[in-house]
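Shown next: coords-v7.csv, given as CSV, C-alpha atoms.
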```csv
chain,number,residue,atom,x,y,z
I,1,MET,CA,63.6,112.5,179.2
I,2,GLY,CA,66.7,111.2,177.5
I,3,GLU,CA,70.4,111.4,178.2
I,4,TYR,CA,72.3,114.7,178.3
I,5,VAL,CA,75.0,114.9,175.7
I,6,PHE,CA,76.1,118.5,176.5
I,7,ARG,CA,75.7,120.9,179.5
I,8,GLY,CA,77.1,124.4,178.8
I,9,ARG,CA,76.8,127.8,180.4
I,10,LEU,CA,73.7,128.8,178.4
I,11,ILE,CA,72.2,125.7,177.0
I,12,ALA,CA,72.0,121.9,177.6
I,13,VAL,CA,71.3,119.3,174.9
I,14,ARG,CA,69.7,116.0,175.4
I,15,VAL,CA,68.6,113.2,173.1
I,16,ASP,CA,65.2,111.6,173.8
I,17,GLU,CA,64.1,108.2,172.6
I,18,THR,CA,60.7,108.5,171.0
I,19,GLU,CA,58.3,106.3,169.0
I,20,ARG,CA,59.7,108.1,165.9
I,21,GLY,CA,63.4,107.6,166.8
I,22,PRO,CA,65.9,109.7,168.7
I,23,ARG,CA,65.0,113.4,169.0
I,24,GLU,CA,67.5,116.1,169.9
I,25,VAL,CA,66.3,118.8,172.3
I,26,VAL,CA,68.1,122.1,173.3
I,27,GLU,CA,67.2,123.4,176.7
I,28,HIS,CA,67.4,127.2,177.2
I,29,PRO,CA,66.6,129.4,180.3
I,30,GLY,CA,64.1,131.6,178.4
I,31,ALA,CA,64.4,135.2,177.2
I,32,VAL,CA,62.6,138.5,176.9
I,33,ALA,CA,62.2,141.0,174.1
I,34,ILE,CA,61.0,144.6,174.3
I,35,LEU,CA,58.9,146.5,171.8
I,36,ALA,CA,59.8,150.0,172.9
I,37,VAL,CA,57.7,152.7,171.1
I,38,ASN,CA,58.3,156.4,171.1
I,39,GLU,CA,55.7,159.2,170.9
I,40,ARG,CA,55.8,159.1,167.0
I,41,GLY,CA,54.9,155.4,166.9
I,42,GLU,CA,58.4,154.3,165.9
I,43,VAL,CA,60.0,151.1,167.2
I,44,LEU,CA,63.4,151.1,169.0
I,45,LEU,CA,66.0,148.9,167.3
I,46,VAL,CA,69.6,148.0,168.3
I,47,ARG,CA,72.2,146.7,165.9
I,48,GLN,CA,74.7,144.2,167.3
I,49,TYR,CA,76.9,141.3,166.4
I,50,ARG,CA,75.0,138.1,167.0
I,51,HIS,CA,77.3,135.1,167.6
I,52,GLY,CA,74.8,132.4,166.6
I,53,ALA,CA,74.0,134.1,163.3
I,54,GLY,CA,77.6,135.0,162.8
I,55,ARG,CA,76.6,138.5,161.7
I,56,SER,CA,75.2,141.8,162.8
I,57,LEU,CA,71.4,142.3,162.9
I,58,TRP,CA,68.9,145.0,163.6
I,59,GLU,CA,66.6,143.7,166.4
I,60,ILE,CA,64.4,144.9,169.2
I,61,PRO,CA,66.2,144.9,172.6
I,62,ALA,CA,66.3,141.4,174.2
I,63,GLY,CA,68.1,139.2,176.6
I,64,THR,CA,68.3,136.0,178.5
I,65,LEU,CA,66.6,135.4,181.9
I,66,GLU,CA,68.9,135.2,184.8
I,67,PRO,CA,68.2,132.6,187.5
I,68,GLY,CA,65.3,133.7,189.7
I,69,GLU,CA,64.6,136.9,187.6
I,70,SER,CA,61.1,137.7,186.6
I,71,PRO,CA,60.5,138.3,182.8
I,72,LEU,CA,59.4,141.9,183.5
I,73,ARG,CA,62.5,142.7,185.6
I,74,CYS,CA,64.7,141.2,183.0
I,75,ALA,CA,63.0,143.3,180.3
I,76,GLN,CA,63.5,146.5,182.3
I,77,ARG,CA,67.2,145.6,182.9
I,78,GLU,CA,67.9,144.7,179.3
I,79,LEU,CA,66.2,147.8,177.9
I,80,TRP,CA,68.4,150.0,180.2
I,81,GLU,CA,71.6,148.1,179.6
I,82,GLU,CA,71.2,148.0,175.8
I,83,THR,CA,69.8,151.4,175.2
I,84,GLY,CA,70.1,153.7,178.3
I,85,LEU,CA,66.3,154.1,178.2
I,86,ARG,CA,63.7,153.4,180.8
I,87,ALA,CA,59.9,153.2,180.2
I,88,ARG,CA,57.1,154.5,182.5
I,89,ARG,CA,54.5,152.1,181.1
I,90,TRP,CA,55.0,148.4,180.6
I,91,ARG,CA,52.5,145.8,179.2
I,92,LYS,CA,52.9,142.1,178.5
I,93,LEU,CA,52.0,141.4,174.9
I,94,GLY,CA,52.5,137.6,174.8
I,95,THR,CA,54.8,134.6,175.1
I,96,PHE,CA,56.0,132.4,172.3
I,97,TYR,CA,58.5,129.6,171.4
I,98,THR,CA,61.3,130.7,169.1
I,99,SER,CA,61.8,127.3,167.5
I,100,PRO,CA,59.5,124.7,169.2
I,101,GLY,CA,60.5,121.7,167.1
I,102,PHE,CA,63.8,121.1,169.0
I,103,LEU,CA,64.3,124.1,171.4
I,104,ASN,CA,62.4,124.9,174.6
I,105,GLU,CA,63.3,128.7,174.6
I,106,LEU,CA,60.3,130.7,175.6
I,107,MET,CA,60.3,134.4,174.7
I,108,HIS,CA,58.3,136.9,176.8
I,109,LEU,CA,57.4,140.0,174.8
I,110,PHE,CA,56.7,143.4,176.4
I,111,LEU,CA,55.4,146.7,175.1
I,112,ALA,CA,57.4,149.6,176.7
I,113,GLU,CA,55.9,153.2,176.3
I,114,GLU,CA,56.6,156.6,177.7
I,115,LEU,CA,60.4,156.3,177.3
I,116,GLU,CA,62.8,158.4,179.3
I,117,GLY,CA,66.6,158.9,179.2
I,118,GLU,CA,69.3,159.5,176.6
I,119,PRO,CA,69.8,156.7,174.1
I,120,GLY,CA,73.2,155.0,174.3
I,121,PRO,CA,74.3,151.6,175.4
I,122,GLN,CA,75.2,151.4,179.1
I,123,THR,CA,76.8,148.1,179.9
I,124,GLU,CA,76.4,146.0,176.7
I,125,ASP,CA,79.4,146.6,174.6
I,126,GLU,CA,77.9,144.4,171.8
I,127,VAL,CA,75.3,147.1,170.9
I,128,ALA,CA,76.8,149.1,168.1
I,129,GLU,CA,73.9,151.4,167.0
I,130,ILE,CA,70.5,152.4,168.2
I,131,SER,CA,67.7,153.7,166.0
I,132,PHE,CA,63.9,154.3,165.9
I,133,ARG,CA,62.1,152.9,162.8
I,134,ARG,CA,58.6,152.8,161.5
I,135,PRO,CA,57.2,149.2,161.5
I,136,GLU,CA,56.4,149.3,157.8
I,137,GLU,CA,60.1,150.2,157.1
I,138,ILE,CA,61.3,147.1,159.0
I,139,LEU,CA,58.9,144.8,157.2
I,140,ARG,CA,59.8,146.3,153.8
I,141,ALA,CA,63.5,145.7,154.4
I,142,VAL,CA,62.9,142.0,155.3
I,143,GLY,CA,60.5,141.7,152.4
I,144,SER,CA,63.2,143.1,150.1
I,145,GLY,CA,65.8,140.4,151.0
I,146,GLU,CA,67.4,141.8,154.1
I,147,VAL,CA,67.7,139.0,156.7
I,148,GLY,CA,65.5,139.8,159.7
I,149,ASP,CA,65.1,138.6,163.3
I,150,GLY,CA,62.1,136.5,164.2
I,151,LYS,CA,61.2,138.1,167.6
I,152,THR,CA,61.3,141.5,166.0
I,153,LEU,CA,58.8,140.4,163.3
I,154,ALA,CA,56.7,138.7,165.9
I,155,ALA,CA,56.6,141.9,167.9
I,156,LEU,CA,55.5,143.8,164.9
I,157,ALA,CA,52.4,141.6,164.5
I,158,PHE,CA,51.2,142.9,167.9
I,159,ALA,CA,52.1,146.4,167.0
I,160,LEU,CA,50.2,146.3,163.8
I,161,ALA,CA,47.0,144.7,165.2
I,162,ASN,CA,46.2,145.4,168.8
I,163,PRO,CA,44.6,142.2,170.0
I,164,GLU,CA,42.6,144.1,172.6
I,165,ASP,CA,40.5,145.6,169.8
I,166,ASP,CA,40.8,149.2,170.8
I,167,GLY,CA,42.7,150.1,167.7
I,168,PRO,CA,46.3,149.2,166.7
I,169,TYR,CA,49.2,150.1,169.0
I,170,LEU,CA,50.9,151.5,165.9
I,171,PRO,CA,48.5,152.6,163.1
I,172,LEU,CA,49.9,152.1,159.6
I,173,ARG,CA,50.6,155.3,157.7
L,1,MET,CA,85.3,128.5,164.8
L,2,GLY,CA,85.5,126.6,168.1
L,3,GLU,CA,85.4,122.9,169.0
L,4,TYR,CA,82.4,120.7,168.3
L,5,VAL,CA,81.0,119.3,171.5
L,6,PHE,CA,78.0,117.5,169.9
L,7,ARG,CA,77.1,116.4,166.4
L,8,GLY,CA,73.6,115.0,166.1
L,9,ARG,CA,71.2,114.1,163.3
L,10,LEU,CA,69.6,117.5,163.2
L,11,ILE,CA,71.9,119.9,165.1
L,12,ALA,CA,75.6,120.3,165.9
L,13,VAL,CA,76.9,122.3,168.9
L,14,ARG,CA,80.2,124.1,169.1
L,15,VAL,CA,81.9,126.3,171.7
L,16,ASP,CA,83.7,129.4,170.3
L,17,GLU,CA,86.3,131.3,172.2
L,18,THR,CA,85.6,135.0,171.9
L,19,GLU,CA,86.9,138.2,173.5
L,20,ARG,CA,83.9,137.9,175.9
L,21,GLY,CA,84.6,134.3,176.9
L,22,PRO,CA,83.3,131.0,175.5
L,23,ARG,CA,80.1,131.2,173.4
L,24,GLU,CA,77.9,128.2,172.7
L,25,VAL,CA,76.5,128.0,169.1
L,26,VAL,CA,73.9,125.6,167.8
L,27,GLU,CA,74.1,124.8,164.1
L,28,HIS,CA,70.9,123.9,162.2
L,29,PRO,CA,70.2,123.2,158.5
L,30,GLY,CA,67.6,125.9,158.2
L,31,ALA,CA,63.8,125.7,157.7
L,32,VAL,CA,60.8,127.0,155.9
L,33,ALA,CA,57.4,128.2,157.0
L,34,ILE,CA,54.2,128.6,155.0
L,35,LEU,CA,51.6,131.4,155.4
L,36,ALA,CA,48.8,129.7,153.4
L,37,VAL,CA,45.8,131.9,153.0
L,38,ASN,CA,42.3,130.9,151.8
L,39,GLU,CA,39.8,133.0,149.8
L,40,ARG,CA,38.3,134.4,153.0
L,41,GLY,CA,41.7,135.7,154.2
L,42,GLU,CA,42.1,133.1,156.8
L,43,VAL,CA,45.4,131.5,157.8
L,44,LEU,CA,46.0,127.8,157.7
L,45,LEU,CA,47.2,126.4,161.0
L,46,VAL,CA,48.2,122.9,162.1
L,47,ARG,CA,48.2,121.6,165.7
L,48,GLN,CA,51.0,119.1,166.5
L,49,TYR,CA,53.1,117.9,169.4
L,50,ARG,CA,56.4,119.7,169.4
L,51,HIS,CA,59.2,117.8,171.0
L,52,GLY,CA,61.4,120.8,171.9
L,53,ALA,CA,58.5,122.7,173.6
L,54,GLY,CA,57.2,119.4,175.1
L,55,ARG,CA,53.6,120.3,174.2
L,56,SER,CA,51.2,120.8,171.4
L,57,LEU,CA,51.0,124.1,169.6
L,58,TRP,CA,49.0,125.7,166.8
L,59,GLU,CA,51.4,126.9,164.1
L,60,ILE,CA,51.6,127.6,160.4
L,61,PRO,CA,53.0,124.6,158.4
L,62,ALA,CA,56.8,124.4,158.6
L,63,GLY,CA,59.7,122.0,158.2
L,64,THR,CA,63.4,121.5,158.0
L,65,LEU,CA,65.4,121.8,154.8
L,66,GLU,CA,66.7,118.5,153.4
L,67,PRO,CA,70.2,118.4,152.0
L,68,GLY,CA,70.3,120.1,148.6
L,69,GLU,CA,66.6,121.1,148.7
L,70,SER,CA,65.6,124.6,147.8
L,71,PRO,CA,63.5,126.6,150.3
L,72,LEU,CA,60.6,126.8,147.8
L,73,ARG,CA,60.6,123.1,147.1
L,74,CYS,CA,60.8,122.3,150.8
L,75,ALA,CA,57.8,124.7,151.4
L,76,GLN,CA,55.7,123.0,148.7
L,77,ARG,CA,56.6,119.5,150.1
L,78,GLU,CA,55.8,120.4,153.7
L,79,LEU,CA,52.5,122.1,152.9
L,80,TRP,CA,51.4,119.0,151.1
L,81,GLU,CA,52.7,116.5,153.7
L,82,GLU,CA,51.2,118.3,156.7
L,83,THR,CA,47.9,119.4,155.2
L,84,GLY,CA,47.2,117.7,151.9
L,85,LEU,CA,46.9,121.0,150.2
L,86,ARG,CA,48.8,122.5,147.2
L,87,ALA,CA,49.0,126.2,146.2
L,88,ARG,CA,48.9,127.6,142.7
L,89,ARG,CA,50.6,130.9,143.8
L,90,TRP,CA,53.8,131.1,145.8
L,91,ARG,CA,55.6,134.3,146.9
L,92,LYS,CA,58.7,134.7,149.2
L,93,LEU,CA,57.9,137.0,152.1
L,94,GLY,CA,61.2,137.1,153.9
L,95,THR,CA,64.0,135.3,155.7
L,96,PHE,CA,64.8,135.6,159.4
L,97,TYR,CA,66.8,134.1,162.3
L,98,THR,CA,64.7,132.3,164.9
L,99,SER,CA,67.1,133.0,167.8
L,100,PRO,CA,70.3,134.6,166.5
L,101,GLY,CA,72.1,135.0,169.8
L,102,PHE,CA,73.2,131.3,169.9
L,103,LEU,CA,71.4,129.6,166.9
L,104,ASN,CA,72.1,129.9,163.2
L,105,GLU,CA,68.7,128.6,162.1
L,106,LEU,CA,67.4,130.6,159.2
L,107,MET,CA,63.7,130.5,158.4
L,108,HIS,CA,62.4,131.1,154.9
L,109,LEU,CA,58.9,132.4,154.9
L,110,PHE,CA,56.5,131.9,151.9
L,111,LEU,CA,53.0,133.1,151.1
L,112,ALA,CA,50.9,130.4,149.5
L,113,GLU,CA,47.6,131.4,147.8
L,114,GLU,CA,45.0,129.7,145.6
L,115,LEU,CA,44.9,126.6,147.6
L,116,GLU,CA,43.7,123.3,146.1
L,117,GLY,CA,43.0,119.8,147.6
L,118,GLU,CA,41.2,118.3,150.6
L,119,PRO,CA,42.7,119.2,154.0
L,120,GLY,CA,44.1,116.3,155.9
L,121,PRO,CA,47.7,115.2,156.9
L,122,GLN,CA,49.3,113.0,154.3
L,123,THR,CA,52.6,111.6,155.7
L,124,GLU,CA,53.2,113.6,158.9
L,125,ASP,CA,51.5,111.6,161.6
L,126,GLU,CA,52.4,114.3,164.1
L,127,VAL,CA,49.8,116.7,162.8
L,128,ALA,CA,46.7,116.2,164.9
L,129,GLU,CA,44.4,119.0,163.6
L,130,ILE,CA,44.1,121.5,160.8
L,131,SER,CA,42.2,124.8,160.9
L,132,PHE,CA,41.8,128.1,159.2
L,133,ARG,CA,41.8,131.2,161.5
L,134,ARG,CA,41.6,135.0,161.2
L,135,PRO,CA,45.0,136.6,162.0
L,136,GLU,CA,43.4,138.8,164.7
L,137,GLU,CA,42.1,135.7,166.4
L,138,ILE,CA,45.6,134.2,166.6
L,139,LEU,CA,47.0,137.4,168.0
L,140,ARG,CA,44.2,137.7,170.5
L,141,ALA,CA,44.8,134.2,171.8
L,142,VAL,CA,48.6,134.9,172.3
L,143,GLY,CA,47.8,138.3,173.9
L,144,SER,CA,45.4,136.6,176.3
L,145,GLY,CA,48.1,134.2,177.6
L,146,GLU,CA,48.0,131.3,175.2
L,147,VAL,CA,51.6,130.4,174.4
L,148,GLY,CA,52.3,131.1,170.7
L,149,ASP,CA,54.8,130.2,168.1
L,150,GLY,CA,57.4,132.8,166.9
L,151,LYS,CA,57.4,132.0,163.2
L,152,THR,CA,53.6,132.1,163.1
L,153,LEU,CA,53.6,135.6,164.7
L,154,ALA,CA,56.4,136.7,162.4
L,155,ALA,CA,54.3,135.6,159.4
L,156,LEU,CA,51.3,137.6,160.7
L,157,ALA,CA,53.4,140.8,160.6
L,158,PHE,CA,53.7,140.3,156.8
L,159,ALA,CA,50.0,139.4,156.5
L,160,LEU,CA,48.9,142.5,158.4
L,161,ALA,CA,51.1,145.0,156.5
L,162,ASN,CA,52.0,144.2,153.0
L,163,PRO,CA,55.5,145.7,152.6
L,164,GLU,CA,55.0,146.1,148.9
L,165,ASP,CA,52.6,149.0,149.7
L,166,ASP,CA,49.7,147.8,147.6
L,167,GLY,CA,47.4,147.2,150.6
L,168,PRO,CA,47.7,144.5,153.2
L,169,TYR,CA,47.6,140.9,152.2
L,170,LEU,CA,45.0,140.3,154.9
L,171,PRO,CA,43.0,143.5,155.7
L,172,LEU,CA,42.0,143.7,159.4
L,173,ARG,CA,38.3,143.4,159.9
```
Please lay out the structure from this file as structure tokens.
Amino acid sequence: MGEYVFRGRLIAVRVDETERGPREVVEHPGAVAILAVNERGEVLLVRQYRHGAGRSLWEIPAGTLEPGESPLRCAQRELWEETGLRARRWRKLGTFYTSPGFLNELMHLFLAEELEGEPGPQTEDEVAEISFRRPEEILRAVGSGEVGDGKTLAALAFALANPEDDGPYLPLR
Amino acid sequence: MGEYVFRGRLIAVRVDETERGPREVVEHPGAVAILAVNERGEVLLVRQYRHGAGRSLWEIPAGTLEPGESPLRCAQRELWEETGLRARRWRKLGTFYTSPGFLNELMHLFLAEELEGEPGPQTEDEVAEISFRRPEEILRAVGSGEVGDGKTLAALAFALANPEDDGPYLPLR
């Protein structure tokens, strides 16, 4: 472990000395993302201004882990705060690094089904719009030049091919 | 734009003052990832130690843009350096942010087909293993608890559902 060059509210940055020279590492508390699917097989998206990207993006609901918070509780909290919805059925789909070359951020991905409530942001004033979209539509937009969001695309991979082998979560139409 | 608190070789970090308080932003030069597919519909993966994650991961080949380098040239260079392979057919699949809340890293994703050459790392001594895997196998491993890589999962979404609507790039078996 090298020297810390920055310690902020969200991230810390250190520079490690390695055999291949100094390597910059960003430390992050970890995050969750929620693939929330309605009875028509459509995916819940929120549009919000993203400060890192410097622009608004359509993404699945997501958020940063608070100290001591389990990924599932964080996912349930973020879904409600960003969209006003709750889900009766939760399943863990997987865990992945968002950019493992220099960042330790781990993303915990959940499938949320049997949604209840009235869509509308509760406490997150950054969420500007909420929409349900077919997975093919989201991929087509990114394939046509619209800039996408990595975790949303990663979640679609699970949606399009159920790794449990009992048919896809969201069959292609 | 706020004040820079760190300027490194790869990244820079600034803190912006916003209506919602100070926000930390990591600036990154951008990157490419390559979904290289063989004639059997299998995806090329490399296993390497990832300094940010602090562990080894199986991922599609990827790398950081050099100054002035186009994403396609970068993708062609990285595929050859990491795997010893070249591709006769290249297509852009899409562009996405890896973690847009605090990071401006943009990932350019390419499909590489009609592969040529003998697999084996050329100049990247970090690559330890090279393998071709079925997309379902990769998803099943991540769904079973193995920690995955976000860009690899994002690439699989394109592989499993060709957004151009002329059938999937990689049909599920």
Practice problem: For each of L:Asn104, L:Ser70, L:Gln122, L:Thr95, take the minimum atom-to-atom distance to Thr83 (chain L), counting all atoms listed in the file, then give the residue where this is smallest. | Solution: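 Ranking L:Asn104, L:Ser70, L:Gln122, L:Thr95 by distance to Thr83 (chain L), first place goes to L:Gln122.
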Query raised in the report: Which of these, L:Leu85, L:Ala75, L:Ala53, L:Ala157, has the shortest distance to Ile138 (chain I) once you count all atoms listed in the file?
Result: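 Distance minimum relative to Ile138 (chain I) lands on L:Ala157.
Nearest residue to Ala154 (chain L), choosing from L:Arg91, L:Arg77, L:Arg133, L:His108 and counting all atoms listed in the file: L:His108.
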What would chain I look like once superposed on chain L, with the fit done by least squares over all C-alpha atoms paired in order? Give it as a short mmCIF file (atom, residue, chain, number, x, y, z; two decimals) with C-alpha atoms, keeping the file's coordinate frame.
```cif
data_model
loop_
_atom_site.label_atom_id
_atom_site.label_comp_id
_atom_site.auth_asym_id
_atom_site.auth_seq_id
_atom_site.Cartn_x
_atom_site.Cartn_y
_atom_site.Cartn_z
CA MET I 1 85.27 128.53 164.89
CA GLY I 2 85.58 126.56 168.09
CA GLU I 3 85.49 122.90 168.98
CA TYR I 4 82.43 120.71 168.37
CA VAL I 5 81.02 119.27 171.54
CA PHE I 6 78.03 117.49 169.90
CA ARG I 7 77.12 116.34 166.33
CA GLY I 8 73.58 114.90 166.09
CA ARG I 9 71.17 114.09 163.30
CA LEU I 10 69.60 117.57 163.24
CA ILE I 11 71.91 119.89 164.99
CA ALA I 12 75.62 120.33 165.94
CA VAL I 13 76.89 122.38 168.89
CA ARG I 14 80.18 124.06 169.13
CA VAL I 15 81.83 126.34 171.67
CA ASP I 16 83.75 129.35 170.32
CA GLU I 17 86.40 131.27 172.20
CA THR I 18 85.64 134.96 171.97
CA GLU I 19 86.94 138.22 173.48
CA ARG I 20 83.94 137.95 175.88
CA GLY I 21 84.56 134.30 176.89
CA PRO I 22 83.32 131.00 175.54
CA ARG I 23 80.13 131.22 173.44
CA GLU I 24 77.92 128.24 172.67
CA VAL I 25 76.53 128.02 169.13
CA VAL I 26 73.86 125.56 167.74
CA GLU I 27 74.14 124.85 164.07
CA HIS I 28 70.89 123.98 162.23
CA PRO I 29 70.23 123.18 158.49
CA GLY I 30 67.58 125.92 158.12
CA ALA I 31 63.79 125.66 157.78
CA VAL I 32 60.77 126.99 155.96
CA ALA I 33 57.36 128.15 157.08
CA ILE I 34 54.24 128.69 154.98
CA LEU I 35 51.59 131.35 155.39
CA ALA I 36 48.82 129.64 153.47
CA VAL I 37 45.73 131.91 152.98
CA ASN I 38 42.34 130.89 151.75
CA GLU I 39 39.86 132.97 149.71
CA ARG I 40 38.32 134.45 152.98
CA GLY I 41 41.68 135.78 154.17
CA GLU I 42 42.08 133.15 156.88
CA VAL I 43 45.44 131.59 157.76
CA LEU I 44 46.00 127.79 157.71
CA LEU I 45 47.15 126.39 161.06
CA VAL I 46 48.19 122.84 162.11
CA ARG I 47 48.23 121.61 165.67
CA GLN I 48 50.95 119.11 166.57
CA TYR I 49 53.09 117.85 169.38
CA ARG I 50 56.34 119.75 169.37
CA HIS I 51 59.19 117.81 171.04
CA GLY I 52 61.36 120.82 171.89
CA ALA I 53 58.49 122.65 173.57
CA GLY I 54 57.27 119.47 175.12
CA ARG I 55 53.69 120.36 174.21
CA SER I 56 51.22 120.76 171.41
CA LEU I 57 51.02 124.11 169.54
CA TRP I 58 48.99 125.75 166.85
CA GLU I 59 51.46 126.88 164.12
CA ILE I 60 51.66 127.60 160.44
CA PRO I 61 52.98 124.61 158.42
CA ALA I 62 56.82 124.33 158.55
CA GLY I 63 59.71 122.03 158.22
CA THR I 64 63.40 121.50 158.03
CA LEU I 65 65.45 121.76 154.78
CA GLU I 66 66.72 118.54 153.45
CA PRO I 67 70.24 118.43 152.00
CA GLY I 68 70.31 120.04 148.55
CA GLU I 69 66.57 121.10 148.70
CA SER I 70 65.62 124.57 147.73
CA PRO I 71 63.52 126.56 150.35
CA LEU I 72 60.61 126.81 147.88
CA ARG I 73 60.59 123.06 147.14
CA CYS I 74 60.75 122.29 150.78
CA ALA I 75 57.81 124.64 151.43
CA GLN I 76 55.71 122.98 148.73
CA ARG I 77 56.58 119.49 150.14
CA GLU I 78 55.86 120.42 153.73
CA LEU I 79 52.55 122.12 152.93
CA TRP I 80 51.40 118.92 151.09
CA GLU I 81 52.70 116.50 153.67
CA GLU I 82 51.23 118.39 156.65
CA THR I 83 47.97 119.46 155.20
CA GLY I 84 47.16 117.65 151.87
CA LEU I 85 46.96 121.09 150.21
CA ARG I 86 48.81 122.50 147.28
CA ALA I 87 48.95 126.21 146.27
CA ARG I 88 48.88 127.67 142.70
CA ARG I 89 50.61 130.90 143.72
CA TRP I 90 53.74 131.12 145.82
CA ARG I 91 55.65 134.29 146.96
CA LYS I 92 58.69 134.68 149.17
CA LEU I 93 57.88 137.03 152.02
CA GLY I 94 61.26 137.11 153.83
CA THR I 95 63.98 135.29 155.74
CA PHE I 96 64.75 135.61 159.40
CA TYR I 97 66.78 134.06 162.30
CA THR I 98 64.67 132.30 164.90
CA SER I 99 67.06 132.92 167.78
CA PRO I 100 70.26 134.67 166.47
CA GLY I 101 72.05 134.99 169.80
CA PHE I 102 73.21 131.31 169.86
CA LEU I 103 71.46 129.51 166.91
CA ASN I 104 72.17 129.85 163.19
CA GLU I 105 68.67 128.54 162.05
CA LEU I 106 67.43 130.60 159.18
CA MET I 107 63.70 130.49 158.44
CA HIS I 108 62.41 131.14 154.89
CA LEU I 109 58.82 132.35 154.91
CA PHE I 110 56.43 131.91 151.95
CA LEU I 111 52.97 133.18 151.15
CA ALA I 112 50.89 130.35 149.52
CA GLU I 113 47.54 131.40 147.79
CA GLU I 114 45.00 129.77 145.58
CA LEU I 115 44.90 126.52 147.61
CA GLU I 116 43.70 123.27 146.13
CA GLY I 117 43.00 119.80 147.60
CA GLU I 118 41.23 118.31 150.61
CA PRO I 119 42.70 119.22 153.98
CA GLY I 120 44.14 116.27 155.91
CA PRO I 121 47.63 115.27 156.83
CA GLN I 122 49.30 113.00 154.26
CA THR I 123 52.54 111.66 155.59
CA GLU I 124 53.14 113.57 158.88
CA ASP I 125 51.56 111.61 161.60
CA GLU I 126 52.47 114.38 164.14
CA VAL I 127 49.78 116.75 162.72
CA ALA I 128 46.72 116.25 164.83
CA GLU I 129 44.33 119.02 163.60
CA ILE I 130 44.11 121.50 160.80
CA SER I 131 42.16 124.75 160.91
CA PHE I 132 41.78 128.16 159.17
CA ARG I 133 41.86 131.21 161.51
CA ARG I 134 41.60 134.92 161.16
CA PRO I 135 44.94 136.66 162.01
CA GLU I 136 43.35 138.85 164.66
CA GLU I 137 42.04 135.66 166.41
CA ILE I 138 45.58 134.21 166.60
CA LEU I 139 47.05 137.40 167.99
CA ARG I 140 44.22 137.75 170.54
CA ALA I 141 44.82 134.23 171.83
CA VAL I 142 48.58 134.90 172.32
CA GLY I 143 47.78 138.27 173.81
CA SER I 144 45.40 136.56 176.26
CA GLY I 145 48.09 134.19 177.68
CA GLU I 146 48.02 131.32 175.26
CA VAL I 147 51.63 130.37 174.38
CA GLY I 148 52.27 131.06 170.69
CA ASP I 149 54.88 130.14 168.07
CA GLY I 150 57.32 132.78 166.92
CA LYS I 151 57.34 132.03 163.13
CA THR I 152 53.58 132.14 163.12
CA LEU I 153 53.59 135.63 164.72
CA ALA I 154 56.33 136.71 162.40
CA ALA I 155 54.26 135.59 159.45
CA LEU I 156 51.35 137.54 160.68
CA ALA I 157 53.34 140.80 160.60
CA PHE I 158 53.64 140.36 156.80
CA ALA I 159 50.04 139.45 156.51
CA LEU I 160 48.90 142.47 158.37
CA ALA I 161 51.11 145.02 156.54
CA ASN I 162 52.02 144.21 152.98
CA PRO I 163 55.51 145.60 152.61
CA GLU I 164 54.98 146.13 148.90
CA ASP I 165 52.56 148.96 149.71
CA ASP I 166 49.70 147.82 147.58
CA GLY I 167 47.49 147.22 150.54
CA PRO I 168 47.69 144.47 153.22
CA TYR I 169 47.68 140.80 152.19
CA LEU I 170 45.02 140.32 154.87
CA PRO I 171 42.99 143.47 155.72
CA LEU I 172 41.91 143.67 159.36
CA ARG I 173 38.17 143.38 159.93
#
```
For Asp16 (chain I), which residue among L:Leu139, L:Glu42, L:Gly2, L:Gly54 is the nearest when counting all atoms listed in the file?
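Nearest candidate to Asp16 (chain I) out of L:Leu139, L:Glu42, L:Gly2, L:Gly54: L:Gly54.
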Any idea which chain I residues end up within 6 Å of chain L if we count all atoms listed in the file, as a ChimeraX atom specification please? /I:25,50-53,93-98,100-104,139-140,142-143,147-150,153-154,156-157,163
As a check of understanding: the span from CA of Glu116 (chain L) to CA of Arg40 (chain L) is 14.1 Å
Between CA of Pro121 (chain I) and CA of Glu78 (chain I), distance in Å (one decimal):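 Computing it gives 10.2 Å between the two atoms.
From CA of Ile60 (chain L) back to CA of Gly30 (chain I), the distance works out to 22.3 Å.
Nearest residue to Ala33 (chain I) among I:Ile130, I:Met1, I:Leu111, I:Ala87 is I:Leu111, counting only C-alpha atoms.
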Surrounding residues of Leu115 (chain I) excluding itself and chain neighbours under 4 positions, 12 Å, all atoms listed in the file, as a count of residues only = 23
Check your understanding: Which residue gives the smallest distance to Val127 (chain I) among I:Arg73, I:Glu3, I:Glu66, I:Glu82, with only C-alpha atoms counted?
Key ->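 For Val127 (chain I), the nearest of the candidates is I:Glu82.
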With N, CA and C atoms as the target, complete region 6-10 of chain L and hand it back as an mmCIF file, in the frame of the given file.
```
data_model
loop_
_atom_site.group_PDB
_atom_site.id
_atom_site.type_symbol
_atom_site.label_atom_id
_atom_site.label_comp_id
_atom_site.auth_asym_id
_atom_site.auth_seq_id
_atom_site.Cartn_x
_atom_site.Cartn_y
_atom_site.Cartn_z
ATOM 1 N N PHE L 6 79.099 118.437 170.209
ATOM 2 C CA PHE L 6 78.000 117.500 169.900
ATOM 3 C C PHE L 6 77.732 117.569 168.392
ATOM 4 N N ARG L 7 77.591 116.420 167.757
ATOM 5 C CA ARG L 7 77.100 116.400 166.400
ATOM 6 C C ARG L 7 75.993 115.340 166.318
ATOM 7 N N GLY L 8 74.756 115.844 166.102
ATOM 8 C CA GLY L 8 73.600 115.000 166.100
ATOM 9 C C GLY L 8 73.067 114.773 164.682
ATOM 10 N N ARG L 9 71.828 114.262 164.601
ATOM 11 C CA ARG L 9 71.200 114.100 163.300
ATOM 12 C C ARG L 9 70.699 115.427 162.752
ATOM 13 N N LEU L 10 70.115 116.253 163.661
ATOM 14 C CA LEU L 10 69.600 117.500 163.200
ATOM 15 C C LEU L 10 70.530 118.674 163.479
#
```
